[in-house]
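Report on the following structure.
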Amino acid sequence: MRLYLAAALLASAAAPALAAPTRSYGDLALAPRGDRIASIDAVGGAHGVITVRAANGQVVRTLDPCAVCTYSDVTFAPDGRLAWLARDKAAGTVTLGIEDGKATRTVATIAGVAETPRFSPDGTRIALLVTLGAAKEIGANQAGVRQVGEIGEKNDEQRIAVFDLAGPAVAAAAVKPLSPAGRYVYEYAWTPDGRGFVVTSALGNGDNNWWVATLDRIDAATGAVRTIAKPTTQINFPRVSPDGREVAFIGGLMSDFGSVGGDVWSVPITGGTPRNLTTGAKFTATSIAWTGAGVRGTALGGSDLSLLSVGARAATLGWHRPASFAAGDGRVAYSADGSRVAMVVQDFTHAPAIYAGPVAAPVQITHDNDAAPALATARSITWKNDGFDVQGWLLAPRTAGTGKAPMVTIVHGGPAAANVPSYLTPDSTSGTLLAAGYYVFLPNPRGSYGQGEAFTAANKRDFGGGDLRDILAGIDAAEKAAPIDDARLGLTGGSYGGFMSMWANTQTNRFKAIVAGAGLSNWVSYYGTNGIDQWMLPFFGKTLYDDYKAYEVASAIYFIKNAKTPTFIWAGERDIEVPPTQSTEYWHALKDLGVPTSLVIYPDEGHGVRAPANAKDLRARTVAWFDRYLK
C-alpha cells in the first residue's frame with residue numbers, strides 16, 4: 001500500500017502564510033560529465049519550466065516549448081544533449097522533446113502515457129516506456145477505472161519503445177513498442193553495447209504483479225525476452241555494469257512500487273543466482289547507479305540518509321544528512337565516472353535546495369528558498385522495545401505554549417517505508433497539525449526502512465502486533481522529551497497507516513481521537529476486493545484461502561466491540577489499492593456500536609485526495625475532528 005497519508009491535509013485558516021511560495025526542483029538530472037544540471041522548476045503551483053544550470057548553480061538557460069504542458073523526466077545524452085517529456089493532458093498526448101543547446105525539436109508523440117526516456121550508450125537512439133491508449137494514470141495509487149463490464153479482460157500495458165534520433169518525428173499513430181504485448185515493464189536500463197535492455201517486468205496486470213516481477217533481458221532489435229533471474233524478494237533499480245557482465249539491483253521486502261528499500265544484489269547478465277552484496281547491513285539501500293567507479297547510491301540508516309558505495313567485499317556510507325534527497329533517476333544523480341553528484345535536499349526546517357559537487361562533499365548551489373520559514377522544531381527520538389532499537393521524529397509547534405499540549409501520531413503507509421524529513425509547509429499534513437497547536441510524532445516502527453532487512457521483515461505475519469507496541473513505546477519516549485498531554489493523544493495515517501489507525505482503536509483506549517484514511521478494516525474481505533493482492537503474499541506467507549486465520553487475527557472488524565475512540569474515516573471512490581468498502585465496513589460497525597464516527601468517500605479519487613476542492617474539505621474535517629476531541 002502506498003506510503004503517504006493524503007497530501008491533501010492542507011493548511012488550516014490559522015496557519016501562517018509563507019513569506020513567498022517555495023521553488024521546487026523536479027526530476028533533477030546531472031550531465032554525464034557532471035558539468036550541468038537540469039530540473040523542472042516551479043514556484044508554488046505555477047507552470048514549471050525546464051531549467052539548465054552550471055555545476056555552480058548559475059542558470060544557463062530555461063526551456064518552455066509547451067505552455068499548456070506539464071514537463072517531466074529530463075535526461076542527458078552521453079554528449080550532453082537534453083531530452084524531456086511534455087504532457088498535454090487535455091489532448092491525451094505526451095511529446096518527447098530534445099535540444100542541443102541551440103534548437104529544440106520533437107522526437108515522437110505518444111497517444112497515452114509515457115515516462116523514463118533514456119539515451120542509448122552511443123546517443124543515436126532514445127528509449128521510452130509507453131502506455132498507448134492508457135485507461136488510467138500509471139500506478140495502483142492512482143484512481144482506477146470504473147469496474148463495469150467484463151472485469152479483468154483488458155489491462156494497460158507499459159512497454160519499451162525505441163526512437164532513432166536521426167529520423168523524422170514519429171507521429172502518435174506510428175509509435176510501435178518494441179517489448180512484447182502482455183508484458184508490463186516497470187524499470188529498465190540499456191546494456192552498454194546498446195543491443196538490449198535489462199528490465200524488471202511481469203506478465204499480466206501491471207498494477208498487481210510488480211511484487212512478482214522478474215529480472216529480464218530484452219533484445220533491442222527483436223524485442224525477445226530472456227529471464228536473467230527470479231529473485232525471492234521484490235526488486236527495483238536494475239543497473240548494468242559498464243563492462244556489460246553484471247546486473248545490480250535492490251532486492252528486499254517491499255510493499256509498494258516506488259517505495260524502494262532493501263539490500264544490493266548482483267547477478268551475471270547471462271543468468272544465475274543473485275548474490276547479496278550488503279548482507280546483514282544495518283541500513284536500507286534506497287537507490288543505486290552503476291558508475292565508472294562502481295555501484296553507487298543512497299541508503300537510509302537510522303535518522304540519516306547517506307551516499308552509498310558498494311564494493312565486492314564491503315559497502316560504505318559517505319556524506320549524510322538527516323534529510324531527504326531527490327533526483328529524477330533515483331534519489332541522487334551521479335556523473336558517469338561516479339565522482340560527482342547532484343540532488344535536491346530538504347529537511348523539516350529547510351526548504352528544497354540543489355546540492356552538487358564532489359561525492360565526498362557536495363554543497364548547496366541554489367538559494368531561492370533560503371528565506372522560507374521553519375514552521376516547527378524537529379528532533380530525532382530513539383527508544384528500545386522488544387529488543388529493537390526504534391527511531392522516530394518529534395515535531396514541536398513554534399507557537400507551543402507553556403503548558404502541556406496535545407499530540408497527534410502519524411503512522412506512515414507501506415508498511416515498508418519510513419518517515420523521513422521533508423520541508424514543513426502549511427499545506428502538508430504535519431504543517432497543518434502544527435499550525436493548529438499540536439505536537440506531531442512520526443514513528444518508524446518495525447517493518448520500516450532504515451535499520452536493515454531484518455527490521456523491515458519483523459512485522460511479517462504480525463501486522464498490528466509488534467509495530468503497534470513500538471509506536472506506543474515511542475509515544476512514551478516522546479512524552480519524556482516534551483510537554484505532551486497523555487490525556488490528549490490523537491492518531492492518524494493513510495493506507496497502512498489507515499489500517500493501524502483502525503486497528504489501534506480495537507487494541508487500546510489511549511487515543512482520544514482518530515482519523516483513518518484509505519485504511520483496511522478487514523483483511524479477509526480486502527483480499528478478494530482489492531486490485532493489488534500480490535503485495536500481501538510476502539507478508540502473510542500464504543493466500544487467504546490457504547490461511548484464513550492469519551488474515552482474521554489482524555482484522556480490526558473481528559475485534560470491533562473493543563473500539564471506543566471517535567473516528568473520522570475518509571476514502572477515495574476509485575481506490576483500487578484499498579477499496580472504499582473497507583472504510584464503509586468499519587464505519588458501519590462503529591455506528592452500530594454507538595461510537596462517534598463520520599465517513600467521507602471523495603468522488604473520482606484514488607489512493608489519496610488530490611482535487612483541490614476535495615482537499616479543502618478534508619483539511620477542514622480533519623482539523624475539526626481533532627479539535628473537537630483533543631482541545
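Simple scheme: letters A, B, ... for chains in C-alpha cells order, numbers from 1 for residues in each chain, numbers from 1 for ligands in the order shown.
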
With a distance cut-off of 8 Å and only C-alpha atoms, select the neighbouring residues of segment 153-167 of chain A, excluding the residue or stretch itself and same-chain residues fewer than 2 positions from it, and output the selection as number ranges by chain. A: 107-108, 124-136, 150-151, 169-170, 175-186, 204-206

Can you tell me which residues surround Ala314 of chain A at a distance of at most 10 Å, considering only C-alpha atoms, apart from same-chain residues fewer than 4 positions away, and format the answer as a PyMOL selection string? chain A and resi 277-279+281+309-310

Exercise: segment 27-37 of chain A partners within 9 Å, only C-alpha atoms, chain neighbours under 2 positions left out, as a short mmCIF file (atom, residue, chain, number, x, y, z; two decimals) with all heavy atoms, in the first residue's frame:
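Dumped everything to out_14.cif:
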data_model
loop_
_atom_site.label_atom_id
_atom_site.label_comp_id
_atom_site.auth_asym_id
_atom_site.auth_seq_id
_atom_site.Cartn_x
_atom_site.Cartn_y
_atom_site.Cartn_z
N TYR A 25 12.25 21.80 -7.45
CA TYR A 25 13.20 21.38 -8.48
C TYR A 25 12.90 19.92 -8.79
O TYR A 25 13.43 19.00 -8.16
CB TYR A 25 14.64 21.53 -8.00
CG TYR A 25 14.96 22.87 -7.35
CD1 TYR A 25 14.94 23.02 -5.97
CD2 TYR A 25 15.29 23.97 -8.13
CE1 TYR A 25 15.25 24.23 -5.37
CE2 TYR A 25 15.60 25.20 -7.54
CZ TYR A 25 15.57 25.32 -6.16
OH TYR A 25 15.87 26.52 -5.57
N SER A 39 16.55 20.53 -14.33
CA SER A 39 15.43 20.23 -13.45
C SER A 39 14.18 20.92 -13.98
O SER A 39 14.26 21.80 -14.85
CB SER A 39 15.72 20.70 -12.01
OG SER A 39 15.97 22.10 -11.97
N ILE A 40 13.04 20.51 -13.45
CA ILE A 40 11.78 21.18 -13.74
C ILE A 40 11.51 22.12 -12.57
O ILE A 40 11.21 21.69 -11.47
CB ILE A 40 10.61 20.19 -13.89
CG1 ILE A 40 10.99 19.04 -14.81
CG2 ILE A 40 9.36 20.91 -14.36
CD1 ILE A 40 11.29 19.43 -16.22
N THR A 51 14.86 24.01 -16.51
CA THR A 51 15.96 24.91 -16.17
C THR A 51 17.28 24.15 -16.23
O THR A 51 17.41 23.07 -15.65
CB THR A 51 15.79 25.51 -14.77
OG1 THR A 51 14.52 26.16 -14.70
CG2 THR A 51 16.89 26.50 -14.45
N VAL A 52 18.25 24.72 -16.94
CA VAL A 52 19.59 24.13 -17.03
C VAL A 52 20.55 25.04 -16.28
O VAL A 52 20.58 26.25 -16.52
CB VAL A 52 20.03 23.97 -18.49
CG1 VAL A 52 21.43 23.34 -18.55
CG2 VAL A 52 19.03 23.10 -19.26
N ARG A 53 21.31 24.44 -15.37
CA ARG A 53 22.27 25.18 -14.55
C ARG A 53 23.68 24.65 -14.77
O ARG A 53 23.88 23.48 -15.09
CB ARG A 53 21.92 25.06 -13.06
CG ARG A 53 20.65 25.77 -12.64
CD ARG A 53 20.36 25.53 -11.17
NE ARG A 53 19.26 26.38 -10.68
CZ ARG A 53 17.97 26.07 -10.82
NH1 ARG A 53 17.64 24.92 -11.40
NH2 ARG A 53 17.04 26.88 -10.39
N ALA A 54 24.63 25.54 -14.54
CA ALA A 54 26.02 25.10 -14.46
C ALA A 54 26.23 24.40 -13.13
O ALA A 54 25.38 24.46 -12.23
CB ALA A 54 26.95 26.31 -14.59
N ALA A 55 27.36 23.76 -12.96
CA ALA A 55 27.63 23.00 -11.75
C ALA A 55 27.68 23.87 -10.51
O ALA A 55 27.51 23.38 -9.39
CB ALA A 55 28.94 22.23 -11.90
N ASN A 56 27.89 25.17 -10.70
CA ASN A 56 27.92 26.09 -9.55
C ASN A 56 26.55 26.67 -9.23
O ASN A 56 26.42 27.51 -8.33
CB ASN A 56 28.92 27.21 -9.80
CG ASN A 56 28.53 28.10 -10.99
OD1 ASN A 56 27.50 27.89 -11.62
ND2 ASN A 56 29.38 29.07 -11.30
N GLY A 57 25.53 26.28 -9.97
CA GLY A 57 24.18 26.74 -9.71
C GLY A 57 23.71 27.87 -10.60
O GLY A 57 22.52 28.21 -10.61
N VAL A 60 21.88 28.59 -16.83
CA VAL A 60 22.41 28.73 -18.18
C VAL A 60 21.30 29.11 -19.15
O VAL A 60 21.45 29.99 -19.98
CB VAL A 60 23.08 27.41 -18.62
CG1 VAL A 60 23.55 27.50 -20.07
CG2 VAL A 60 24.24 27.06 -17.70
N SER A 72 8.36 16.63 -17.49
CA SER A 72 8.90 15.62 -16.58
C SER A 72 10.08 14.93 -17.25
O SER A 72 10.36 15.13 -18.44
CB SER A 72 7.83 14.57 -16.22
OG SER A 72 7.47 13.80 -17.36
N ASP A 73 10.80 14.13 -16.47
CA ASP A 73 11.79 13.18 -16.98
C ASP A 73 12.89 13.82 -17.83
O ASP A 73 13.24 13.31 -18.89
CB ASP A 73 11.10 12.08 -17.80
CG ASP A 73 10.17 11.23 -16.97
OD1 ASP A 73 8.99 11.60 -16.81
OD2 ASP A 73 10.63 10.18 -16.46
N VAL A 74 13.45 14.93 -17.35
CA VAL A 74 14.60 15.48 -18.06
C VAL A 74 15.77 14.49 -17.95
O VAL A 74 15.97 13.86 -16.91
CB VAL A 74 15.02 16.85 -17.51
CG1 VAL A 74 14.00 17.90 -17.88
CG2 VAL A 74 15.22 16.81 -16.00
N THR A 75 16.51 14.33 -19.04
CA THR A 75 17.63 13.39 -19.03
C THR A 75 18.67 13.83 -20.05
O THR A 75 18.33 14.41 -21.09
CB THR A 75 17.15 11.96 -19.34
OG1 THR A 75 18.20 11.03 -19.17
CG2 THR A 75 16.62 11.84 -20.77
N PHE A 76 19.92 13.57 -19.75
CA PHE A 76 21.03 13.96 -20.62
C PHE A 76 21.51 12.80 -21.47
O PHE A 76 21.51 11.63 -21.04
CB PHE A 76 22.21 14.46 -19.79
CG PHE A 76 22.04 15.84 -19.23
CD1 PHE A 76 21.66 16.03 -17.92
CD2 PHE A 76 22.27 16.96 -20.02
CE1 PHE A 76 21.51 17.30 -17.39
CE2 PHE A 76 22.13 18.24 -19.51
CZ PHE A 76 21.74 18.42 -18.19
N ALA A 77 21.95 13.12 -22.69
CA ALA A 77 22.61 12.16 -23.57
C ALA A 77 24.09 12.07 -23.21
O ALA A 77 24.62 12.95 -22.52
CB ALA A 77 22.46 12.59 -25.03
N PRO A 78 24.77 11.04 -23.67
CA PRO A 78 26.22 10.94 -23.41
C PRO A 78 26.99 12.17 -23.87
O PRO A 78 28.01 12.54 -23.25
CB PRO A 78 26.64 9.69 -24.20
CG PRO A 78 25.40 8.85 -24.24
CD PRO A 78 24.27 9.83 -24.36
N ASP A 79 26.54 12.84 -24.95
CA ASP A 79 27.25 14.01 -25.45
C ASP A 79 26.71 15.32 -24.88
O ASP A 79 27.12 16.40 -25.30
CB ASP A 79 27.20 14.05 -26.98
CG ASP A 79 25.77 14.19 -27.53
OD1 ASP A 79 24.82 14.31 -26.71
OD2 ASP A 79 25.62 14.18 -28.76
N GLY A 80 25.76 15.26 -23.94
CA GLY A 80 25.28 16.45 -23.28
C GLY A 80 23.96 17.00 -23.78
O GLY A 80 23.43 17.96 -23.20
N ARG A 81 23.41 16.46 -24.87
CA ARG A 81 22.09 16.90 -25.30
C ARG A 81 21.06 16.58 -24.21
O ARG A 81 21.27 15.69 -23.39
CB ARG A 81 21.69 16.20 -26.61
CG ARG A 81 22.43 16.71 -27.84
CD ARG A 81 22.13 15.81 -29.04
NE ARG A 81 22.66 14.47 -28.83
CZ ARG A 81 22.31 13.40 -29.54
NH1 ARG A 81 21.41 13.52 -30.51
NH2 ARG A 81 22.85 12.22 -29.29
N LEU A 82 19.95 17.29 -24.25
CA LEU A 82 18.94 17.16 -23.21
C LEU A 82 17.62 16.72 -23.82
O LEU A 82 17.20 17.22 -24.86
CB LEU A 82 18.75 18.49 -22.48
CG LEU A 82 17.79 18.49 -21.29
CD1 LEU A 82 18.37 17.69 -20.13
CD2 LEU A 82 17.50 19.92 -20.85
N ALA A 326 16.44 13.85 -3.51
CA ALA A 326 15.61 13.52 -4.66
C ALA A 326 16.34 13.86 -5.95
O ALA A 326 17.05 14.87 -6.04
CB ALA A 326 14.28 14.28 -4.61
N ALA A 327 16.18 13.00 -6.92
CA ALA A 327 16.66 13.23 -8.28
C ALA A 327 15.77 12.41 -9.20
O ALA A 327 15.07 11.49 -8.76
CB ALA A 327 18.13 12.83 -8.44
N GLY A 328 15.79 12.73 -10.49
CA GLY A 328 14.87 12.07 -11.40
C GLY A 328 15.10 10.59 -11.54
O GLY A 328 14.16 9.81 -11.65
N ASP A 329 16.35 10.16 -11.56
CA ASP A 329 16.68 8.76 -11.78
C ASP A 329 17.29 8.21 -10.49
O ASP A 329 18.47 7.90 -10.42
CB ASP A 329 17.66 8.63 -12.95
CG ASP A 329 17.86 7.18 -13.36
OD1 ASP A 329 17.10 6.32 -12.87
OD2 ASP A 329 18.78 6.90 -14.15
N VAL A 332 19.66 10.25 -6.01
CA VAL A 332 20.85 11.06 -6.29
C VAL A 332 21.25 10.83 -7.74
O VAL A 332 21.17 9.70 -8.23
CB VAL A 332 22.02 10.69 -5.36
CG1 VAL A 332 23.29 11.39 -5.77
CG2 VAL A 332 21.68 11.03 -3.92
N ALA A 333 21.65 11.88 -8.44
CA ALA A 333 22.16 11.75 -9.80
C ALA A 333 23.69 11.76 -9.75
O ALA A 333 24.29 12.63 -9.11
CB ALA A 333 21.65 12.90 -10.66
N TYR A 334 24.30 10.78 -10.40
CA TYR A 334 25.76 10.65 -10.44
C TYR A 334 26.29 10.98 -11.83
O TYR A 334 25.63 10.72 -12.84
CB TYR A 334 26.18 9.22 -10.09
CG TYR A 334 26.11 8.89 -8.61
CD1 TYR A 334 24.92 8.45 -8.04
CD2 TYR A 334 27.23 9.01 -7.81
CE1 TYR A 334 24.84 8.15 -6.69
CE2 TYR A 334 27.17 8.70 -6.45
CZ TYR A 334 25.98 8.28 -5.90
OH TYR A 334 25.92 7.97 -4.56
N SER A 335 27.49 11.52 -11.87
CA SER A 335 28.19 11.68 -13.14
C SER A 335 28.59 10.29 -13.63
O SER A 335 28.60 9.31 -12.87
CB SER A 335 29.42 12.56 -12.98
OG SER A 335 30.34 11.99 -12.05
N ALA A 336 28.95 10.18 -14.91
CA ALA A 336 29.27 8.88 -15.49
C ALA A 336 30.43 8.19 -14.78
O ALA A 336 30.44 6.97 -14.63
CB ALA A 336 29.58 9.04 -16.98
N ASP A 337 31.41 8.98 -14.33
CA ASP A 337 32.56 8.37 -13.66
C ASP A 337 32.35 8.19 -12.16
O ASP A 337 33.22 7.69 -11.45
CB ASP A 337 33.83 9.18 -13.92
CG ASP A 337 33.78 10.60 -13.33
OD1 ASP A 337 32.79 10.93 -12.64
OD2 ASP A 337 34.73 11.37 -13.57
N SER A 339 32.22 10.40 -9.82
CA SER A 339 32.98 11.31 -8.95
C SER A 339 32.15 12.48 -8.44
O SER A 339 32.51 13.10 -7.44
CB SER A 339 34.20 11.85 -9.69
OG SER A 339 33.81 12.70 -10.76
N ARG A 340 31.06 12.79 -9.13
CA ARG A 340 30.25 13.95 -8.77
C ARG A 340 28.79 13.56 -8.62
O ARG A 340 28.32 12.60 -9.25
CB ARG A 340 30.41 15.07 -9.81
CG ARG A 340 31.84 15.54 -9.98
CD ARG A 340 31.94 16.71 -10.94
NE ARG A 340 31.35 17.93 -10.38
CZ ARG A 340 31.98 18.74 -9.54
NH1 ARG A 340 33.22 18.49 -9.15
NH2 ARG A 340 31.37 19.84 -9.10
N VAL A 341 28.07 14.34 -7.80
CA VAL A 341 26.65 14.07 -7.55
C VAL A 341 25.86 15.36 -7.62
O VAL A 341 26.40 16.47 -7.51
CB VAL A 341 26.44 13.42 -6.16
CG1 VAL A 341 27.06 12.05 -6.11
CG2 VAL A 341 26.97 14.33 -5.05
N ALA A 342 24.57 15.21 -7.76
CA ALA A 342 23.63 16.33 -7.64
C ALA A 342 22.32 15.77 -7.13
O ALA A 342 21.93 14.65 -7.48
CB ALA A 342 23.43 17.03 -8.97
N MET A 343 21.63 16.52 -6.28
CA MET A 343 20.33 16.08 -5.77
C MET A 343 19.64 17.26 -5.12
O MET A 343 20.27 18.27 -4.80
CB MET A 343 20.47 14.93 -4.76
CG MET A 343 21.21 15.25 -3.49
SD MET A 343 23.00 15.16 -3.66
CE MET A 343 23.49 15.00 -1.94
N VAL A 344 18.35 17.12 -4.92
CA VAL A 344 17.56 18.10 -4.19
C VAL A 344 17.50 17.63 -2.74
O VAL A 344 17.14 16.49 -2.45
CB VAL A 344 16.14 18.23 -4.76
CG1 VAL A 344 15.35 19.27 -3.97
CG2 VAL A 344 16.20 18.59 -6.24
N ILE A 354 19.15 22.62 -4.30
CA ILE A 354 20.00 21.71 -5.05
C ILE A 354 21.39 21.71 -4.43
O ILE A 354 21.98 22.76 -4.19
CB ILE A 354 20.08 22.10 -6.53
CG1 ILE A 354 18.70 22.01 -7.19
CG2 ILE A 354 21.07 21.21 -7.28
CD1 ILE A 354 18.67 22.47 -8.64
N ALA A 356 25.25 19.96 -5.06
CA ALA A 356 26.04 19.33 -6.11
C ALA A 356 27.52 19.46 -5.78
O ALA A 356 27.92 20.30 -4.97
CB ALA A 356 25.75 19.98 -7.47
N GLY A 357 28.32 18.63 -6.43
CA GLY A 357 29.76 18.70 -6.25
C GLY A 357 30.39 17.34 -6.11
O GLY A 357 29.79 16.31 -6.46
#

Pick out the residues sitting within 10 Å of Gly44 of chain A, and hand them over as a list of chain:residue names; count only C-alpha atoms, and ignore anything fewer than 6 positions along from it in its own chain. A:Ala20, A:Pro21, A:Thr22, A:Arg23, A:Ser24

Using DSSP assignments from the backbone, pull out every residue in segment 2-249 of chain A that falls under strand (DSSP E or B) and give it to me as a VMD selection string. chain A and resid 23 to 30 36 to 43 49 to 54 59 to 63 70 to 76 82 to 88 93 to 99 104 to 119 125 to 132 159 to 164 170 183 to 190 196 to 203 214 to 219 225 to 229 234 to 240 246 to 249

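You will find atom CA of Trp570 of chain A at 4.8 Å from atom CA of Val600 of chain A.
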
Within segment 493-625 of chain A, find each residue whose DSSP state, derived from the backbone, is helix (DSSP H, G or I), and express the selection as number ranges by chain. A: 496-504, 523-529, 533-540, 544-546, 548-552, 556-562, 581-593, 612-625

Would you mind listing what lies within 9 Å of Val68 of chain A as a PDB file with all heavy atoms, in the first residue's frame, with only C-alpha atoms counted and same-chain residues fewer than 3 positions away left out?
ATOM      1  N   HIS A  47       2.998  26.932 -13.411  1.00  0.00           N
ATOM      2  CA  HIS A  47       3.515  26.118 -14.512  1.00  0.00           C
ATOM      3  C   HIS A  47       5.037  26.017 -14.408  1.00  0.00           C
ATOM      4  O   HIS A  47       5.730  27.019 -14.256  1.00  0.00           O
ATOM      5  CB  HIS A  47       3.113  26.770 -15.835  1.00  0.00           C
ATOM      6  CG  HIS A  47       3.761  26.199 -17.045  1.00  0.00           C
ATOM      7  ND1 HIS A  47       3.439  24.961 -17.554  1.00  0.00           N
ATOM      8  CD2 HIS A  47       4.721  26.708 -17.860  1.00  0.00           C
ATOM      9  CE1 HIS A  47       4.165  24.732 -18.640  1.00  0.00           C
ATOM     10  NE2 HIS A  47       4.950  25.781 -18.844  1.00  0.00           N
ATOM     11  N   ARG A  87       3.717  16.691 -21.309  1.00  0.00           N
ATOM     12  CA  ARG A  87       2.394  16.078 -21.368  1.00  0.00           C
ATOM     13  C   ARG A  87       1.299  17.120 -21.519  1.00  0.00           C
ATOM     14  O   ARG A  87       1.223  18.067 -20.732  1.00  0.00           O
ATOM     15  CB  ARG A  87       2.131  15.254 -20.114  1.00  0.00           C
ATOM     16  CG  ARG A  87       0.792  14.522 -20.182  1.00  0.00           C
ATOM     17  CD  ARG A  87       0.536  13.672 -18.992  1.00  0.00           C
ATOM     18  NE  ARG A  87      -0.701  12.927 -19.155  1.00  0.00           N
ATOM     19  CZ  ARG A  87      -1.266  12.200 -18.207  1.00  0.00           C
ATOM     20  NH1 ARG A  87      -0.706  12.118 -17.015  1.00  0.00           N
ATOM     21  NH2 ARG A  87      -2.392  11.547 -18.434  1.00  0.00           N
ATOM     22  N   ASP A  88       0.468  16.930 -22.523  1.00  0.00           N
ATOM     23  CA  ASP A  88      -0.721  17.737 -22.723  1.00  0.00           C
ATOM     24  C   ASP A  88      -1.895  16.873 -22.293  1.00  0.00           C
ATOM     25  O   ASP A  88      -2.400  16.046 -23.066  1.00  0.00           O
ATOM     26  CB  ASP A  88      -0.855  18.140 -24.192  1.00  0.00           C
ATOM     27  CG  ASP A  88      -2.027  19.092 -24.450  1.00  0.00           C
ATOM     28  OD1 ASP A  88      -2.962  19.108 -23.610  1.00  0.00           O
ATOM     29  OD2 ASP A  88      -2.007  19.779 -25.480  1.00  0.00           O
ATOM     30  N   LYS A  89      -2.323  17.040 -21.054  1.00  0.00           N
ATOM     31  CA  LYS A  89      -3.349  16.154 -20.502  1.00  0.00           C
ATOM     32  C   LYS A  89      -4.668  16.301 -21.232  1.00  0.00           C
ATOM     33  O   LYS A  89      -5.396  15.321 -21.433  1.00  0.00           O
ATOM     34  CB  LYS A  89      -3.524  16.424 -19.012  1.00  0.00           C
ATOM     35  CG  LYS A  89      -4.284  15.337 -18.283  1.00  0.00           C
ATOM     36  CD  LYS A  89      -4.202  15.498 -16.778  1.00  0.00           C
ATOM     37  CE  LYS A  89      -4.897  14.335 -16.071  1.00  0.00           C
ATOM     38  NZ  LYS A  89      -4.782  14.466 -14.582  1.00  0.00           N
ATOM     39  N   ALA A  90      -5.000  17.513 -21.640  1.00  0.00           N
ATOM     40  CA  ALA A  90      -6.262  17.737 -22.347  1.00  0.00           C
ATOM     41  C   ALA A  90      -6.283  16.992 -23.676  1.00  0.00           C
ATOM     42  O   ALA A  90      -7.317  16.445 -24.080  1.00  0.00           O
ATOM     43  CB  ALA A  90      -6.488  19.227 -22.565  1.00  0.00           C
TER      44      ALA A  90
END

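Contact shell of segment 505-510 of chain A at 6 Å (only C-alpha atoms; same-chain neighbours under 6 positions omitted): Phe559, Ile560, Asn562 and Ala563 of chain A.
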
Writer output for current selection, N, CA and C atoms, as a tab-separated table (two decimals), in the first residue's frame:
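Dumped everything to out-v3.tsv:
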chain	number	residue	atom	x	y	z
A	559	PHE	N	-12.44	-7.49	16.09
A	559	PHE	CA	-12.28	-7.02	17.46
A	559	PHE	C	-13.06	-5.72	17.68
A	560	ILE	N	-14.02	-5.47	16.83
A	560	ILE	CA	-14.62	-4.15	16.75
A	560	ILE	C	-15.35	-3.75	18.03
A	562	ASN	N	-14.33	-3.78	20.88
A	562	ASN	CA	-13.39	-3.10	21.79
A	562	ASN	C	-13.23	-1.63	21.43
A	563	ALA	N	-13.69	-1.21	20.25
A	563	ALA	CA	-13.45	0.15	19.77
A	563	ALA	C	-14.31	1.15	20.53

Pick from A:Asp243, A:Asp368, A:Asp617, A:Asp470: nearest to Ala42 of chain A, with only C-alpha atoms counted? A:Asp368

Applying 12 Å and only C-alpha atoms, which residues near Arg296 of chain A remain after dropping the ones on its own chain fewer than 2 positions away? List them as a PyMOL selection string. chain A and resi 237+239+241+248-250+264+285-294+298-299+306-311+315-318+330-341+359

So, with only C-alpha atoms as the atoms that count, which of A:Leu305, A:Ala589, A:Leu375, A:Ala361 lies closest to Val345 of chain A?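 Checking each of A:Leu305, A:Ala589, A:Leu375, A:Ala361 against Val345 of chain A, counting only C-alpha atoms, the winner is A:Leu305.
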